[in-house]
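Enquirer: Submitted below is the structure of interest, expressed as structure tokens.
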Amino acid sequence: MALTTTLPINNIKQQFCQTLNAQNMLILSAPPGAGKSTCLPLWLLSLPSLANKKIYLLQPRRLAVKNIATFLAEQLQEKVGETVGYRLRNDNKTSANTRLEVITEGILTQIIQQDAELLDTGLVVFDEFHERSLQGDLAFALTREVQTQLRDDLKILLMSATLDIDYLSQALPDAHVLSSEGRSYPVTISYQAPKAQQRWRDHAFAVIKDKMFEHKGSLLVFLPGVADIRFLFTQLTAQQNQHNGGAQDVKICMLYGELSVKEQQQAIAPCENGRRKIVLATNIAETSLTIEGIDLVIDCGFEKVAVFDSASLMNKLMQKQISKASAVQRAGRAGRLMPGQCIRLYGKDDFERRPLHSVNDIQQADLLPTLIEAARWGVTRLAELPLLELPSKAKEQQAWQELHSLNIVDDKYLLTKHGEHASMLPCHPRFAHMILMAKNQAPLACLLTALLEERDVFKGEQARFDCDLVQRLQLLSRYKSDYKSAHKSQHSNPLFERIIQQASRLAQQLQLRLNLQALDVTKTGLLLAYAYPERVAKSRGNHGDFICVNGKGAVVHEQDALAEEAFIVIAQTSEHGNQSASQLRVRLASQVSLAEITVLFAKQIKQHDSAIFDHKSGRIIARRQTSLGAIVLAEQPLTQGLTAQAISTMWCDLLRQKGLDFLPWQAKDLALKARWQWLNDYFPEYNLAAIDDQTLLQQLSTWFTPFVGEVKTKAQLAKIDLSQMLLSLLTYEQQQIINKAAPSVYIGPTGRHCPISYSQDKSPKVSLPMQELYGLTITPSVGAIAGISKEKQGVALLLELLSPAQRPIQVTQDLVKFWSGSYQAVQKDMKSRYPKHYWPDDPMNAKATNKVKRHIKE
């Protein structure tokens, strides 16, 4: 065994082995470079407690799986597949002698589903556990359940450099925690934030370009996504070609998940003697990889995160700031083999404000693949599994309902027979459902699934202006029927080969043969409708404008051939564009016929009578519609009379669209609303129904619908008593409360009926001639009803006193104060202006009048 003994992890070897022999749950925190992935796994092979037992070592990334397995096998001076092997989706290097198997989290889930007790397994190791992918969380939950419910001797080891130890210790109280020192190579951290208004890409290019010419070692640059990597690769290559005298010894490499494993290996392989390297990478290089010669890391501070959008039914790659933990991981890449430095392309204060850990996948990823595995395991709620974190109840409930709509689970969330078959297919549940429902078109469904699970085969302008999946399938079907011979060809296309290989494997699982030339690609839209029934869409009549079954709007580029189709099914939407949240930009789709929709959704298609309001004639137009969700498949004029329900529904829809102002409100109706609202604002103890516009729109079925079933024109609507309709929300007793507590008029001493004006102000207002209030010493009030209201006196009216010419002369809420105070000045002015009218010196003891002096008996 050619194992190095200089790694820091060796300092805790004895303690680790003793603890793992005695305990079944262990957490190990070890900084980058300690040797937890490359040294520690080989100790496990000689532990007595694991003798003759299988050991699974989980890695979150495919590239790390192969690299670590190869390195460990070399330490044993063996080939991969003997004592140490690896297993990936569609790639297996193991044998009957393999004891230590390096795998991804998804592989472990499938192993447990097939062997619930993990009978020949002694230990499961979760490396880089801090990444907390959704697959990783599920794999851990299943392993933990096996340990606690079925195999109390099964051991679990969690390892990472940046674990949240406090959180894990609380979640796993039986776990024992160990820590190891890392390598002693120091990493110098510096910050170079872009200047104001400078784009981060341009800033990154400037910094990398300078280091390409100045720095003597190799660089690792962390970038958010593939587009950023390709952009900088092009710019740096151009700079290199322009400078014949410098940086010619630099090899510029790209490193991201979509590259083949061979291309990824080239990026991390040691450089030839005398050469340096610049590796432009996503966070695939953040953990578990050592790139020879790297002593400078440039960190842009961003990452692309897949966030599931329930509106588009897609994982959208969103650019977000990385957490502090990720920043520490990235910086650590510079000190794996020698002292290094890390340049962060953002400010130190920015770093300090960032969260310690990233949001975990379970809060933002598509739950359907997880839920189908949970149902396969036999649980109907994720809370039944020992997950370290749960999604929101609403998000989980929506995902269960989606599986139910695909007939994968029943109404109790148990797997149906159909769901059992779907769970066995290695693809998304929507695509598994599509393949199983395709019947004699299953080979085409397999190819369509493989195509949609890879990146688009079209690029650039072609992808932008051609979203038709049929064109892509025809291209694949013409590629070559035997992809093995294509693989040998100098003109082979790696992306095409991966798609055809995966399609062939899916077909083989169904005991079918994939014959590319025999596929009927005209059935593509029909198959897509099985996977995405919500996104069957109908043209709205405008070129490229569609409405989906779920009510969402969708736009096809006007230059795209599909823009002219009547019906399409949308497979993918774009995250780009200025569309609102209710409108999607179509990225991949296919045409579907009305006949196919009618047959496929026969049980969901509904026929109903409806009515629309024609604004020109002011009348209702009746029609009979055949609908699938929000799209109208067909409609025809209705010759017979409409039902009262259809008419009232039309009026309600119109009000929700136009608002309550569309109704012909009369002055008395508005006055009633104002009185009612005033009581709700200042006398809530009366418990009257809400009368605001939002509530009225929500309760149309209660106060509006019963009165308009026979109303077919706006002229007829104008004759309806809206006040009586509103009062239907109240009991008789509550109606009497409004009449008593908020009367519409004030009856003065002379018998005059003066309207009271109610508003948002606390004091309602009434206007009347001052002479008609002589002798009155108590200011009239409203609002209070003895025995019901809290205020015994109520709210004093705001009295607007008018001259004989009906012009305002004074406003008061205290008549006694007015009579004894400012009245004298008013009296003097009124006598000079209106000498024929009565202006007594003692108004408090005078008699109210509406007559001039000659008709008054002194």
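Residues are referred to by chain and number: the chain letter is A, B, ... according to the order shown in the structure tokens, the number counts from 1 in that chain, and ligands are numbered separately from 1 in the order shown.
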Using only C-alpha atoms, which residues of range 280-382 of chain A come within 12 Å of range 87-108 of chain A, and what is the closest atom pair for each, with the distance in Å to one decimal? Give it as a Markdown table, sorted by chain and residue number.
Expert:
```
| residue | atom | partner | partner_atom | distance |
| --- | --- | --- | --- | --- |
| A:Pro369 | CA | A:Gly106 | CA | 10.5 |
| A:Thr370 | CA | A:Gly106 | CA | 10.2 |
| A:Glu373 | CA | A:Gly106 | CA | 10.4 |
```
Enquirer: Can you pull out every residue from range 442-580 of chain A that DSSP, working from the backbone, puts in strand (DSSP E or B), and format the result as a PyMOL selection string?
Expert: chain A and resi 468+536-539+545-548+553-555+567-574
Enquirer: Have a look at A:Leu768, A:Ala139, A:Leu414, A:Ala561 and name the one nearest to Gln806 in chain A; count only C-alpha atoms.
Expert: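 Closest to Gln806 in chain A, using only C-alpha atoms: A:Leu768.
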Enquirer: For Asp202 in chain A, please output as a list in words all residues within 12 Å (counting only C-alpha atoms; exclusion window: fewer than 4 positions along the same chain).
Expert: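 That gives Ala193, Pro194, Lys195, Gln197, Gln198, Ala206, Val207, Ile208, Lys209, Asp228, Phe231, Leu232, Gln235, Leu236, Cys300 and Leu345 of chain A.
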Enquirer: Can you list every residue in range 665-773 of chain A that DSSP puts in helix (DSSP H, G or I), as a PyMOL selection string?
Expert: chain A and resi 667-682+684-686+693-698+700-703+705-707+714-717+722-727+732-741+770-773
Enquirer: For Leu663 in chain A, which of A:Gln240, A:Asn315, A:Ser477, A:Gln716 is the closest residue, counting only C-alpha atoms?
Expert: A:Gln716
Enquirer: List the spatial neighbours of Ala445 in chain A as number ranges by chain - criterion: any atom at most 7 Å away, only C-alpha atoms, same-chain residues fewer than 4 positions off excluded.
Expert: A: 434-435, 438, 441, 449, 527
Enquirer: Tell me, as a VMD selection string, which residues lie within 9 Å of Leu447 in chain A, counting only C-alpha atoms; anything in the same chain fewer than 2 positions away does not count.
Expert: chain A and resid 442 to 445 449 to 452 473 476 499 to 500 502 to 504 506 to 507 514 516
Enquirer: Limited to N, CA and C atoms, could you put the picked residues into a file as a compact mmCIF listing (two decimals), in the first residue's frame?
Expert:
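The result, stored in selection01.txt:
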```
# COMPACT_ATOMS: atom_id res chain seq x y z
N ALA A 442 -43.72 4.34 -27.59
CA ALA A 442 -42.78 4.39 -26.48
C ALA A 442 -41.33 4.66 -26.92
N PRO A 443 -40.83 4.08 -28.03
CA PRO A 443 -39.46 4.42 -28.45
C PRO A 443 -39.28 5.92 -28.70
N LEU A 444 -40.27 6.54 -29.33
CA LEU A 444 -40.19 7.98 -29.55
C LEU A 444 -40.20 8.72 -28.21
N ALA A 445 -41.01 8.26 -27.26
CA ALA A 445 -41.07 8.88 -25.94
C ALA A 445 -39.73 8.77 -25.23
N THR A 449 -37.59 11.96 -24.12
CA THR A 449 -37.14 12.12 -22.73
C THR A 449 -35.66 12.42 -22.67
N ALA A 450 -34.85 11.62 -23.37
CA ALA A 450 -33.41 11.83 -23.36
C ALA A 450 -33.04 13.20 -23.93
N LEU A 451 -33.76 13.62 -24.94
CA LEU A 451 -33.52 14.93 -25.55
C LEU A 451 -33.81 16.05 -24.56
N LEU A 452 -34.92 15.96 -23.83
CA LEU A 452 -35.32 17.02 -22.92
C LEU A 452 -34.49 17.05 -21.65
N LEU A 473 -35.79 16.18 -33.15
CA LEU A 473 -35.94 14.72 -33.23
C LEU A 473 -35.59 14.21 -34.62
N LEU A 476 -31.88 14.05 -34.86
CA LEU A 476 -31.34 12.88 -34.15
C LEU A 476 -31.61 11.60 -34.92
N ILE A 499 -27.51 11.44 -25.85
CA ILE A 499 -28.97 11.40 -25.95
C ILE A 499 -29.44 10.04 -26.46
N ILE A 500 -28.80 9.56 -27.53
CA ILE A 500 -29.22 8.29 -28.13
C ILE A 500 -28.91 7.11 -27.20
N GLN A 502 -28.86 7.22 -23.87
CA GLN A 502 -29.85 7.22 -22.80
C GLN A 502 -31.21 6.75 -23.31
N ALA A 503 -31.59 7.17 -24.51
CA ALA A 503 -32.86 6.71 -25.08
C ALA A 503 -32.85 5.20 -25.27
N SER A 504 -31.74 4.67 -25.72
CA SER A 504 -31.63 3.22 -25.91
C SER A 504 -31.75 2.47 -24.59
N LEU A 506 -33.34 3.49 -21.89
CA LEU A 506 -34.74 3.55 -21.47
C LEU A 506 -35.57 2.53 -22.24
N ALA A 507 -35.34 2.44 -23.55
CA ALA A 507 -36.09 1.49 -24.37
C ALA A 507 -35.79 0.06 -23.94
N LEU A 514 -34.71 0.65 -29.96
CA LEU A 514 -34.81 2.00 -30.49
C LEU A 514 -34.34 2.02 -31.94
N LEU A 516 -34.20 4.47 -34.83
CA LEU A 516 -34.35 5.90 -35.07
C LEU A 516 -35.11 6.21 -36.35
```
Enquirer: Of the candidates A:Asp692, A:Arg336, A:Lys262, A:Arg275, which one gets nearest to Asp295 in chain A if we count only C-alpha atoms?
Expert: A:Arg336
Enquirer: Determine, counting only C-alpha atoms, which protein, DNA and RNA residues have an atom within 12 Å of an atom of Arg376 in chain A; residues of the same chain fewer than 6 positions away are not included. Present the result as a list in words.
Expert: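 Non-adjacent residues within range: Thr109, Gln110, Ile112, Gln113, Gln114, Ala116, Leu142, Pro369, Thr370, Ile408, Val409, Tyr413, Leu414, Leu415, Thr416, Lys417, His418, Gly419, Glu420, His421, Ala422, Ser423 and Met424 of chain A.
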Enquirer: Tell me, counting only C-alpha atoms, for each residue of range 615-660 of chain A within 10 Å of range 591-607 of chain A, which pair of atoms is nearest and how far apart they are in Å to one decimal, in rows ordered by chain and increasing number, as a Markdown table.
Expert:
```
| residue | atom | partner | partner_atom | distance |
| --- | --- | --- | --- | --- |
| A:Arg624 | CA | A:Gln607 | CA | 7.2 |
| A:Gln625 | CA | A:Gln607 | CA | 5.7 |
| A:Thr626 | CA | A:Gln607 | CA | 4.4 |
| A:Ser627 | CA | A:Lys606 | CA | 5.4 |
| A:Leu628 | CA | A:Ile605 | CA | 4.8 |
| A:Gly629 | CA | A:Ile605 | CA | 7.6 |
| A:Ile631 | CA | A:Ile605 | CA | 10.0 |
| A:Val632 | CA | A:Ile605 | CA | 9.6 |
| A:Leu633 | CA | A:Leu594 | CA | 7.6 |
| A:Ala634 | CA | A:Gln607 | CA | 9.4 |
| A:Glu635 | CA | A:Gln607 | CA | 9.3 |
```
Enquirer: From the set A:Ile165, A:Leu219, A:Ala267, A:Ala796, which residue has the shortest atom-to-atom contact distance to His357 in chain A, counting only C-alpha atoms?
Expert: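 Of the candidates, the smallest distance to His357 in chain A is held by A:Ile165.
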Enquirer: If we count only C-alpha atoms, what is near Ser323 in chain A at a cut-off of 8 Å, once residues fewer than 3 positions away on the same chain are taken out, given as a PyMOL selection string?
Expert: chain A and resi 326-327+354-358
Enquirer: One decimal, in Å: what's the spacing between CA of Asp468 in chain A and CA of Leu562 in chain A?
Expert: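 Calculated distance between CA of Asp468 in chain A and CA of Leu562 in chain A is 6.7 Å.
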